[in-house]
Amino acid sequence: MDIATGVGLLAGIATVVSLIMIDGGNFGAYFDKHAVIVVFGGAMAATMVRFPFSVILHGLPMGLRYAFNSRSIHPGDLIGELGRIAELVRKSGPMALENVQVDDTFLAQGLRYLADGYDREFIKDTMERDRDIFLMHLEEGSNVYRAFGDCAPAWGMIGTIIGMVTMFANMSDPSKLGPAMATALLATLYGALIANMVCLPLADKLHIKLEEEDISRSLIIDGILLIRESKSPSLVKEMLVSYLPEHSRAELIEAA
Amino acid sequence: MDIATGVGLLAGIATVVSLIMIDGGNFGAYFDKHAVIVVFGGAMAATMVRFPFSVILHGLPMGLRYAFNSRSIHPGDLIGELGRIAELVRKSGPMALENVQVDDTFLAQGLRYLADGYDREFIKDTMERDRDIFLMHLEEGSNVYRAFGDCAPAWGMIGTIIGMVTMFANMSDPSKLGPAMATALLATLYGALIANMVCLPLADKLHIKLEEEDISRSLIIDGILLIRESKSPSLVKEMLVSYLPEHSRAELIEAA
Amino acid sequence: MDIATGVGLLAGIATVVSLIMIDGGNFGAYFDKHAVIVVFGGAMAATMVRFPFSVILHGLPMGLRYAFNSRSIHPGDLIGELGRIAELVRKSGPMALENVQVDDTFLAQGLRYLADGYDREFIKDTMERDRDIFLMHLEEGSNVYRAFGDCAPAWGMIGTIIGMVTMFANMSDPSKLGPAMATALLATLYGALIANMVCLPLADKLHIKLEEEDISRSLIIDGILLIRESKSPSLVKEMLVSYLPEHSRAELIEAA
Amino acid sequence: MDIATGVGLLAGIATVVSLIMIDGGNFGAYFDKHAVIVVFGGAMAATMVRFPFSVILHGLPMGLRYAFNSRSIHPGDLIGELGRIAELVRKSGPMALENVQVDDTFLAQGLRYLADGYDREFIKDTMERDRDIFLMHLEEGSNVYRAFGDCAPAWGMIGTIIGMVTMFANMSDPSKLGPAMATALLATLYGALIANMVCLPLADKLHIKLEEEDISRSLIIDGILLIRESKSPSLVKEMLVSYLPEHSRAELIEAA
Amino acid sequence: MDIATGVGLLAGIATVVSLIMIDGGNFGAYFDKHAVIVVFGGAMAATMVRFPFSVILHGLPMGLRYAFNSRSIHPGDLIGELGRIAELVRKSGPMALENVQVDDTFLAQGLRYLADGYDREFIKDTMERDRDIFLMHLEEGSNVYRAFGDCAPAWGMIGTIIGMVTMFANMSDPSKLGPAMATALLATLYGALIANMVCLPLADKLHIKLEEEDISRSLIIDGILLIRESKSPSLVKEMLVSYLPEHSRAELIEAA
């Protein structure tokens with residue numbers, strides 16, 4: 001669980017709700033079906049013109065799922081775990097891997113290949129392909145949320161202008177001017193909230209996750225291949241640390 | 001057919017139409033010939049100053065056509081088809097190609113060159129030139145739609161300011177103020193809709209298509225040349241996969 | 001003549017004029033000397049602070065001239081013409097060049113050098129220097145128009161604010177409020193029109209011209225040098241095509 | 001102490017306070033709990049969605065601390081100090097270092113390693129890792145302040161729109177319109193002040209500090225390693241100057 | 001003297017003054033101490049948080065001085081002058097340099113080194129360091145003006161919002177609404193004028209000066225070193241021209 005995403009979204013909602021509560025708690029005044037239709041419908045329509053269907057269908061749910069999840073295992077712990085597995089394989093052979101339980105599904109997949117005795121090329125190609133497909137979908141998710149967040153404020157403005165056109169065109173009764181203006185402004189409000197509270201922060205978070213996953217999965221692949229060649233646990237650890245960019249290496253060692 | 005483009009545009013129109021319907025369905029209030037003239041006329045004028053005529057005449061219709069079409073054949077299927085053709089040529093010689101029917105016109109052109117026995121250099125040069133001309137026109141299309149979408153909101157604002165100047169200059173009758181303001185705002189509305197619903201998303205989609213076509217057509221050229229040298233079907237498939245960037249390779253294999 | 005630039009500017013003016021005509025044709029209401037002074041004076045003042053005088057004096061008129069002109073000869077025809085000249089020189093010697101009439105002044109200059117028997121180094125250095133000076137001035141022109149177009153809207157806003165300050169400060173007579181607001185808005189209108197109708201599109205067009213001229217003049221220089229070495233016409237054509245970037249090559253061959 | 005940061009922040013507050021004082025000193029009119037909640041709550045919520053918790057917890061306090069601190073020692077003085085230490089070590093051996101007192105904690109750490117006789121690899125790896133962790137946290141601090149400053153104005157606008165919706169919805173009493181509008185505008189004011197007075201300038205300052213610390217700490221590491229090899233003081237100084245980029249070298253010599 | 005900077009600034013002031021004159025010449029209505037305090041105080045405060053004091057103290061006056069000065073000697077004339085000096089040194093030896101009078105202080109410094117017979121390394125190092133310190137301060141000046149110009153409009157908006165909050169909060173007397181609004185708008189006006197008339201154009205001009213000074217001073221250093229080796233005047237000229245980038249070479253020759 002990446003708690004920050006959930007806490008942040010809840011805090012954003014709490015911020016808006018508490019504001020309305022202080023103003024009297026008339027939540028109905030802040031809901032308008034026009035505004036919902038124009039902001040969600042419009043931004044969704046533009047996103048469909050912008051991307052092929054396959055990208056949207058992959059990107060939206062995957063993005064949501066990954067924004068809330070964090071890696072169950074930290075890269076620093078991952079190197080430690082790979083070191084322990086290397087020691088086990090050296091002592092008891094690859095057969096012993098069948099009883100090893102790991103949390104990370106990608107690592108589990110690699111261990112299964114080791115236990116089944118696949119050759120180096122197959123393991124490397126299959127796991128790198130899986131990593132690339134995964135990262136590609138994660139990037140598509142980030143792109144879709146960013147595109148959605150980029151056009152939501154414009155559609156909010158479109159909704160407000162449509163509301164103002166209606167309001168000005170029927171300006172015979174001045175007493176209706178205020179409520180009409182209030183309603184028209186809601187579309188701009190929705191567009192700004194969707195962009196600044198949800199979509200753009202989610203797209204940024206997914207981009208950070210993508211970089212983390214790239215490091216973790218590359219590290220797992222390299223570790224599995226080193227273990228397959230029966231390298232010593234200390235060598236496995238040392239090489240995995242040096243595989244990573246210097247910036248992350250520092251982070252790993254600090255965390256370890 | 002790229003359904004997403006059409007569905008997206010229809011959804012965008014449906015969004016606006018349903019908003020107006022909810023507000024009473026007075027569609028006439030949302031149409032203004034001033035706004036049409038200033039947004040379309042102005043953005044078209046600026047686009048003409050910006051690009052040579054040849055670019056606009058190529059770019060606009062080609063962009064529209066390609067935004068709605070998708071490749072009839074997926075790169076993954078394309079590799080499969082090229083593999084089958086390689087097998088056919090190995091068994092029955094290039095003459096057998098005369099009876100092969102393929103959907104993709106660029107592939108069909110390559111097969112005709114193979115059947116007619118043209119030499120390697122001619123096929124490579126002619127097909128690469130055709131691919132480059134095609135991609136250049138597709139890029140021009142993307143650029144024209146982006147330039148149009150970038151200046152449409154500015155022309156919408158120009159239209160609204162002209163309307164407001166007229167309105168303020170003749171402010172003797174306050175009862176006309178509302179309708180005049182409503183009309184003035186329509187230009188801003190049209191500019192925002194053209195940019196955010198049509199032009200900018202289309203330009204983005206065309207950019208994605210351009211990258212897809214570049215991969216597919218480069219793959220077809222390489223495949224045709226490999227078949228000409230009577231390579232084995234499995235070698236053709238293997239080499240075509242490795243020709244592609246790693247990112248797309250994953251996508252191909254997933255799709256296959 | 002680059003017809004698109006002129007047609008585009010006329011279309012832009014026609015758009016604005018027809019809007020005013022529909023609104024009653026009171027052109028006087030859309031002219032204000034305050035707005036002319038603040039937008040032109042301000043943007044010109046900022047441009048003078050921004051660039052040295054020499055750049056402005058070269059850039060403005062040259063940019064205007066080149067935005068309306070197109071190359072009299074297309075690169076494809078240029079290669080054909082250079083081929084014909086190469087044939088003439090092979091048959092009748094460089095003396096025959098004295099009677100050759102060409103439209104392009106840069107090509108004519110090169111032919112004069114050939115006829116006068118200057119050596120390779122002199123021709124190369126002189127023509128490349130002339131090309132570079134020309135391109136530098138064209139780029140300065142593009143930069144000046146872009147800088148002017150970038151600050152015109154800001155000066156339009158400054159003019160509108162000055163007008164609004166005057167209006168609000170003398171708000172004793174409410175009947176004057178409307179006309180004063182109308183006048184104040186004209187500065188914003190002028191700034192937006194100058195930027196979006198004239199300056200920014202011209203700067204973009206000049207940038208495209210610069211790339212075209214770079215290709216054409218480099219091609220002429222290379223052609224002149226090849227002819228000086230009495231290469232065969234077919235070799236001249238072949239080498240000139242291959243000198244160009246692949247993208248342009250396709251364009252040339254298509255045009256030929 | 002980096003006095004400029006503190007003086008600048010105080011000057012910013014003084015600017016706002018003096019403005020309110022001139023207007024009558026009614027500070028209560030410029031405070032609104034709605035505005036505080038929406039700008040701080042919203043920007044904090046978006047920052048939590050955007051970054052993992054660890055980054056925020058490290059970045060915010062560290063950024064604040066470093067924006068107010070400057071290096072106790074200037075790179076020019078640092079080279080002088082390292083020269084003196086080199087002379088001491090040459091004369092009296094590394095044991096003499098135990099009595100050396102230096103202000104810079106990173107330099108002090110290096111001297112302790114020298115005195116304790118650690119080997120070159122250990123000193124280099126440990127100190128570079130410490131430098132990288134430090135710079136990474138400083139960069140996270142800069143990123144967090146920038147993200148906060150980027151979204152604060154948007155949340156200010158959200159607060160103002162919510163206030164305006166409330167105001168327009170309850171427009172029955174026109175006498176309350178003014179105060180309600182004043183309150184609504186406060187959110188925009190807070191957002192603009194937080195971004196332009198605090199967050200964005202702090203992020204820029206932290207970026208400058210990061211570059212300074214990178215140079216200083218790299219210089220200390222290189223100096224410690226040179227002293228460990230008992231290089232002559234003049235060689236230490238000369239090599240340290242040449243290690244730095246040319247731009248900084250000039251600055252160092254000027255300062256010396 | 002760079003006349004364009006002064007003429008441009010005067011033209012900008014004349015534009016604003018003539019606008020006010022046409023509107024009745026009530027200059028007092030366009031001055032407001034609130035606006036002066038918030039725009040200058042705020043932008044200065046943010047600039048102090050953004051940069052260390054040393055950068056601001058160097059950058060502001062140096063930027064102002066250099067924006068108004070131009071090189072007393074054009075690079076083309078500089079090469080000519082260096083050629084004449086080279087001839088003098090060949091005929092009469094370096095001692096003759098003691099009587100040579102040159103306008104450029106950087107060139108004069110180099111000639112003094114030549115006359116005093118310093119060695120190549122010393123001259124090269126000292127003069128390059130002086131050039132680098134000079135360019136660094138000039139760049140700091142450009143950065144400070146750009147940062148000031150970037151935040152001035154935001155502080156103008158802050159001033160206007162504070163004024164509007166005061167105005168709306170005390171809306172009991174509607175007759176004061178107009179003048180209060182006029183005063184509030186002045187802050188936005190000041191911010192826009194400072195950014196678009198002074199700071200951003202000055203920053204752009206300083207950037208052009210920096211590139212010119214880099215070329216001129218590098219050219220002087222190279223010329224001095226060539227003269228020290230008693231190269232022939234024609235060789236000095238030829239080599240100096242070829243040292244420069246091709247773009248500038250064309251400019252030099254044109255100017256010569």
# chains A, B, ... in the order shown; residues from 1 in each chain; ligands from 1
$ interface_residues --of "chain D" --to "chain A" --cutoff "8 Å" --atoms "only C-alpha atoms" --output "VMD selection string"
chain D and resid 34 37 to 38 41 to 42 44 to 53 129 to 130 132 to 133 136 151 154 to 155 158 161 to 162 164 to 172
$ write_last_selection --atoms "N, CA and C atoms" --output "compact mmCIF listing (two decimals), in the first residue's frame"
# COMPACT_ATOMS: atom_id res chain seq x y z
N HIS D 34 -11.36 29.84 5.74
CA HIS D 34 -11.63 29.11 4.49
C HIS D 34 -10.38 29.07 3.62
N ILE D 37 -7.56 26.92 4.93
CA ILE D 37 -7.84 25.49 4.77
C ILE D 37 -7.65 25.04 3.33
N VAL D 38 -8.25 25.80 2.40
CA VAL D 38 -8.25 25.30 1.02
C VAL D 38 -6.86 25.37 0.40
N GLY D 41 -4.46 23.01 2.86
CA GLY D 41 -4.97 21.64 2.82
C GLY D 41 -4.87 21.07 1.42
N GLY D 42 -5.33 21.83 0.44
CA GLY D 42 -5.36 21.33 -0.93
C GLY D 42 -3.97 21.09 -1.49
N MET D 44 -1.23 20.63 0.16
CA MET D 44 -0.60 19.53 0.90
C MET D 44 -1.16 18.20 0.41
N ALA D 45 -2.49 18.13 0.19
CA ALA D 45 -3.10 16.89 -0.29
C ALA D 45 -2.52 16.50 -1.64
N ALA D 46 -2.44 17.46 -2.57
CA ALA D 46 -1.91 17.15 -3.90
C ALA D 46 -0.46 16.72 -3.82
N THR D 47 0.31 17.35 -2.91
CA THR D 47 1.72 16.98 -2.76
C THR D 47 1.85 15.56 -2.22
N MET D 48 0.89 15.16 -1.34
CA MET D 48 0.93 13.79 -0.81
C MET D 48 0.59 12.77 -1.89
N VAL D 49 -0.37 13.10 -2.78
CA VAL D 49 -0.65 12.18 -3.88
C VAL D 49 0.56 12.09 -4.81
N ARG D 50 1.26 13.21 -4.95
CA ARG D 50 2.34 13.32 -5.94
C ARG D 50 3.61 12.58 -5.52
N PHE D 51 3.99 12.67 -4.25
CA PHE D 51 5.24 12.07 -3.78
C PHE D 51 4.97 10.97 -2.76
N PRO D 52 5.90 10.01 -2.61
CA PRO D 52 5.82 9.08 -1.48
C PRO D 52 6.06 9.87 -0.17
N PHE D 53 5.55 9.32 0.93
CA PHE D 53 5.68 9.99 2.23
C PHE D 53 7.14 10.29 2.59
N ARG D 129 29.15 8.25 -1.00
CA ARG D 129 27.80 7.82 -0.71
C ARG D 129 27.10 8.85 0.18
N ASP D 130 27.82 9.32 1.19
CA ASP D 130 27.23 10.34 2.06
C ASP D 130 26.87 11.60 1.27
N ASP D 132 26.17 11.74 -1.94
CA ASP D 132 25.04 11.47 -2.84
C ASP D 132 23.71 11.44 -2.09
N ILE D 133 23.70 10.80 -0.89
CA ILE D 133 22.47 10.79 -0.10
C ILE D 133 22.07 12.21 0.25
N MET D 136 20.74 14.00 -2.83
CA MET D 136 19.44 13.45 -3.21
C MET D 136 18.34 14.05 -2.34
N CYS D 151 1.21 24.16 -7.37
CA CYS D 151 -0.22 23.91 -7.26
C CYS D 151 -0.94 24.85 -6.28
N ALA D 154 -3.42 27.24 -8.04
CA ALA D 154 -4.61 26.53 -8.51
C ALA D 154 -5.58 26.30 -7.36
N TRP D 155 -5.05 25.93 -6.18
CA TRP D 155 -5.93 25.73 -5.03
C TRP D 155 -6.50 27.05 -4.52
N ILE D 158 -9.35 27.54 -6.71
CA ILE D 158 -10.44 26.64 -6.30
C ILE D 158 -11.18 27.24 -5.10
N ILE D 161 -13.34 30.16 -6.22
CA ILE D 161 -14.54 29.71 -6.95
C ILE D 161 -15.57 29.17 -5.98
N ILE D 162 -15.12 28.35 -4.99
CA ILE D 162 -16.08 27.84 -4.00
C ILE D 162 -16.74 29.01 -3.27
N MET D 164 -17.18 32.04 -4.42
CA MET D 164 -18.07 32.75 -5.33
C MET D 164 -19.35 31.96 -5.57
N VAL D 165 -19.25 30.63 -5.64
CA VAL D 165 -20.46 29.80 -5.78
C VAL D 165 -21.39 30.05 -4.60
N THR D 166 -20.82 29.99 -3.37
CA THR D 166 -21.61 30.27 -2.16
C THR D 166 -22.24 31.66 -2.24
N MET D 167 -21.45 32.64 -2.62
CA MET D 167 -21.91 34.02 -2.70
C MET D 167 -23.05 34.18 -3.70
N PHE D 168 -22.87 33.66 -4.92
CA PHE D 168 -23.90 33.81 -5.94
C PHE D 168 -25.16 33.02 -5.58
N ALA D 169 -24.97 31.86 -4.94
CA ALA D 169 -26.13 31.03 -4.60
C ALA D 169 -27.02 31.72 -3.56
N ASN D 170 -26.39 32.55 -2.69
CA ASN D 170 -27.16 33.23 -1.64
C ASN D 170 -27.22 34.74 -1.90
N MET D 171 -27.54 35.13 -3.13
CA MET D 171 -27.42 36.53 -3.50
C MET D 171 -28.64 37.36 -3.11
N SER D 172 -29.49 36.80 -2.25
CA SER D 172 -30.72 37.52 -1.89
C SER D 172 -30.41 38.86 -1.22
$ residues_around --residues "Gly141 in chain D" --least-positions-apart "5" --cutoff "7 Å" --atoms "only C-alpha atoms" --output "number ranges by chain"
D: 59-60, 62-63
$ residues_around --residues "Ile85 in chain A" --least-positions-apart "6" --cutoff "9 Å" --atoms "only C-alpha atoms" --output "ChimeraX atom specification"
/A:97,100,227,233
$ closest_residue --among "E:Lys237, E:Leu107, E:Ile56, E:Pro75" --to "Asn143 in chain E" --atoms "only C-alpha atoms"
E:Ile56
$ closest_residue --among "C:Ile221, C:Leu210, C:Ala115, C:Val55" --to "Ala96 in chain C" --atoms "only C-alpha atoms"
C:Ala115
$ atom_distance --atom1 "CA of Gln101 in chain E" --atom2 "CA of Val241 in chain E"
23.3 Å
$ atom_distance --atom1 "CA of Ile194 in chain B" --atom2 "CA of Ala152 in chain A"
14.9 Å
$ atom_distance --atom1 "CA of Ala187 in chain D" --atom2 "CA of Met157 in chain E"
13.2 Å
$ closest_residue --among "C:Leu225, C:Met21, C:Phe134, C:His58" --to "Asp119 in chain C" --atoms "only C-alpha atoms"
C:Leu225
$ decode --residues "range 202-213 of chain C" --atoms "all heavy atoms" --output "PDB file, in the first residue's frame"
ATOM      1  N   LEU C 202       3.970  35.063 -39.202  1.00  0.00           N
ATOM      2  CA  LEU C 202       5.090  35.462 -40.066  1.00  0.00           C
ATOM      3  C   LEU C 202       6.398  34.858 -39.567  1.00  0.00           C
ATOM      4  O   LEU C 202       7.215  34.393 -40.368  1.00  0.00           O
ATOM      5  CB  LEU C 202       5.217  36.991 -40.103  1.00  0.00           C
ATOM      6  CG  LEU C 202       4.355  37.748 -41.103  1.00  0.00           C
ATOM      7  CD1 LEU C 202       4.744  39.224 -41.104  1.00  0.00           C
ATOM      8  CD2 LEU C 202       4.491  37.182 -42.515  1.00  0.00           C
ATOM      9  N   ALA C 203       6.612  34.876 -38.244  1.00  0.00           N
ATOM     10  CA  ALA C 203       7.852  34.320 -37.695  1.00  0.00           C
ATOM     11  C   ALA C 203       7.947  32.827 -38.018  1.00  0.00           C
ATOM     12  O   ALA C 203       9.021  32.327 -38.365  1.00  0.00           O
ATOM     13  CB  ALA C 203       7.904  34.544 -36.182  1.00  0.00           C
ATOM     14  N   ASP C 204       6.811  32.111 -37.932  1.00  0.00           N
ATOM     15  CA  ASP C 204       6.818  30.682 -38.277  1.00  0.00           C
ATOM     16  C   ASP C 204       7.122  30.479 -39.756  1.00  0.00           C
ATOM     17  O   ASP C 204       7.893  29.585 -40.126  1.00  0.00           O
ATOM     18  CB  ASP C 204       5.458  30.050 -37.951  1.00  0.00           C
ATOM     19  CG  ASP C 204       5.295  29.794 -36.464  1.00  0.00           C
ATOM     20  OD1 ASP C 204       6.256  30.042 -35.716  1.00  0.00           O
ATOM     21  OD2 ASP C 204       4.218  29.351 -36.042  1.00  0.00           O
ATOM     22  N   LYS C 205       6.485  31.300 -40.607  1.00  0.00           N
ATOM     23  CA  LYS C 205       6.723  31.160 -42.056  1.00  0.00           C
ATOM     24  C   LYS C 205       8.183  31.440 -42.392  1.00  0.00           C
ATOM     25  O   LYS C 205       8.795  30.723 -43.192  1.00  0.00           O
ATOM     26  CB  LYS C 205       5.783  32.113 -42.808  1.00  0.00           C
ATOM     27  CG  LYS C 205       6.036  32.300 -44.280  1.00  0.00           C
ATOM     28  CD  LYS C 205       5.456  31.240 -45.223  1.00  0.00           C
ATOM     29  CE  LYS C 205       4.017  30.914 -45.145  1.00  0.00           C
ATOM     30  NZ  LYS C 205       3.145  31.217 -46.222  1.00  0.00           N
ATOM     31  N   LEU C 206       8.766  32.494 -41.753  1.00  0.00           N
ATOM     32  CA  LEU C 206      10.172  32.811 -42.019  1.00  0.00           C
ATOM     33  C   LEU C 206      11.075  31.664 -41.608  1.00  0.00           C
ATOM     34  O   LEU C 206      12.097  31.414 -42.245  1.00  0.00           O
ATOM     35  CB  LEU C 206      10.574  34.092 -41.279  1.00  0.00           C
ATOM     36  CG  LEU C 206      10.027  35.374 -41.886  1.00  0.00           C
ATOM     37  CD1 LEU C 206      10.391  36.573 -41.024  1.00  0.00           C
ATOM     38  CD2 LEU C 206      10.564  35.563 -43.298  1.00  0.00           C
ATOM     39  N   HIS C 207      10.714  30.963 -40.538  1.00  0.00           N
ATOM     40  CA  HIS C 207      11.523  29.833 -40.110  1.00  0.00           C
ATOM     41  C   HIS C 207      11.487  28.708 -41.162  1.00  0.00           C
ATOM     42  O   HIS C 207      12.506  28.076 -41.444  1.00  0.00           O
ATOM     43  CB  HIS C 207      11.013  29.317 -38.762  1.00  0.00           C
ATOM     44  CG  HIS C 207      11.971  28.365 -38.131  1.00  0.00           C
ATOM     45  ND1 HIS C 207      13.115  28.775 -37.508  1.00  0.00           N
ATOM     46  CD2 HIS C 207      11.981  27.011 -38.073  1.00  0.00           C
ATOM     47  CE1 HIS C 207      13.780  27.722 -37.074  1.00  0.00           C
ATOM     48  NE2 HIS C 207      13.104  26.645 -37.407  1.00  0.00           N
ATOM     49  N   ILE C 208      10.322  28.460 -41.751  1.00  0.00           N
ATOM     50  CA  ILE C 208      10.220  27.460 -42.825  1.00  0.00           C
ATOM     51  C   ILE C 208      11.040  27.906 -44.036  1.00  0.00           C
ATOM     52  O   ILE C 208      11.771  27.105 -44.636  1.00  0.00           O
ATOM     53  CB  ILE C 208       8.736  27.229 -43.209  1.00  0.00           C
ATOM     54  CG1 ILE C 208       7.973  26.589 -42.043  1.00  0.00           C
ATOM     55  CG2 ILE C 208       8.618  26.381 -44.462  1.00  0.00           C
ATOM     56  CD1 ILE C 208       6.509  26.328 -42.333  1.00  0.00           C
ATOM     57  N   LYS C 209      10.938  29.210 -44.398  1.00  0.00           N
ATOM     58  CA  LYS C 209      11.704  29.739 -45.542  1.00  0.00           C
ATOM     59  C   LYS C 209      13.200  29.562 -45.312  1.00  0.00           C
ATOM     60  O   LYS C 209      13.957  29.252 -46.226  1.00  0.00           O
ATOM     61  CB  LYS C 209      11.439  31.244 -45.721  1.00  0.00           C
ATOM     62  CG  LYS C 209      10.038  31.606 -46.029  1.00  0.00           C
ATOM     63  CD  LYS C 209       9.847  31.814 -47.500  1.00  0.00           C
ATOM     64  CE  LYS C 209       8.363  31.667 -47.758  1.00  0.00           C
ATOM     65  NZ  LYS C 209       7.912  32.158 -49.021  1.00  0.00           N
ATOM     66  N   LEU C 210      13.636  29.835 -44.067  1.00  0.00           N
ATOM     67  CA  LEU C 210      15.048  29.735 -43.737  1.00  0.00           C
ATOM     68  C   LEU C 210      15.545  28.321 -44.013  1.00  0.00           C
ATOM     69  O   LEU C 210      16.618  28.134 -44.584  1.00  0.00           O
ATOM     70  CB  LEU C 210      15.227  30.096 -42.266  1.00  0.00           C
ATOM     71  CG  LEU C 210      16.636  30.294 -41.746  1.00  0.00           C
ATOM     72  CD1 LEU C 210      16.611  31.370 -40.664  1.00  0.00           C
ATOM     73  CD2 LEU C 210      17.198  29.029 -41.143  1.00  0.00           C
ATOM     74  N   GLU C 211      14.753  27.323 -43.615  1.00  0.00           N
ATOM     75  CA  GLU C 211      15.168  25.946 -43.867  1.00  0.00           C
ATOM     76  C   GLU C 211      15.199  25.642 -45.368  1.00  0.00           C
ATOM     77  O   GLU C 211      16.104  24.969 -45.853  1.00  0.00           O
ATOM     78  CB  GLU C 211      14.213  24.980 -43.147  1.00  0.00           C
ATOM     79  CG  GLU C 211      14.420  25.004 -41.633  1.00  0.00           C
ATOM     80  CD  GLU C 211      13.407  24.157 -40.892  1.00  0.00           C
ATOM     81  OE1 GLU C 211      12.387  23.786 -41.514  1.00  0.00           O
ATOM     82  OE2 GLU C 211      13.618  23.878 -39.702  1.00  0.00           O
ATOM     83  N   GLU C 212      14.209  26.153 -46.107  1.00  0.00           N
ATOM     84  CA  GLU C 212      14.198  25.947 -47.562  1.00  0.00           C
ATOM     85  C   GLU C 212      15.405  26.590 -48.234  1.00  0.00           C
ATOM     86  O   GLU C 212      16.058  25.991 -49.083  1.00  0.00           O
ATOM     87  CB  GLU C 212      12.919  26.541 -48.157  1.00  0.00           C
ATOM     88  CG  GLU C 212      11.670  25.707 -47.957  1.00  0.00           C
ATOM     89  CD  GLU C 212      10.445  26.408 -48.545  1.00  0.00           C
ATOM     90  OE1 GLU C 212      10.626  27.394 -49.284  1.00  0.00           O
ATOM     91  OE2 GLU C 212       9.329  25.977 -48.253  1.00  0.00           O
ATOM     92  N   GLU C 213      15.682  27.866 -47.839  1.00  0.00           N
ATOM     93  CA  GLU C 213      16.801  28.587 -48.460  1.00  0.00           C
ATOM     94  C   GLU C 213      18.126  27.913 -48.135  1.00  0.00           C
ATOM     95  O   GLU C 213      19.035  27.886 -48.964  1.00  0.00           O
ATOM     96  CB  GLU C 213      16.825  30.044 -47.983  1.00  0.00           C
ATOM     97  CG  GLU C 213      15.817  30.951 -48.641  1.00  0.00           C
ATOM     98  CD  GLU C 213      16.159  31.229 -50.105  1.00  0.00           C
ATOM     99  OE1 GLU C 213      17.345  31.160 -50.469  1.00  0.00           O
ATOM    100  OE2 GLU C 213      15.223  31.500 -50.875  1.00  0.00           O
TER     101      GLU C 213
END
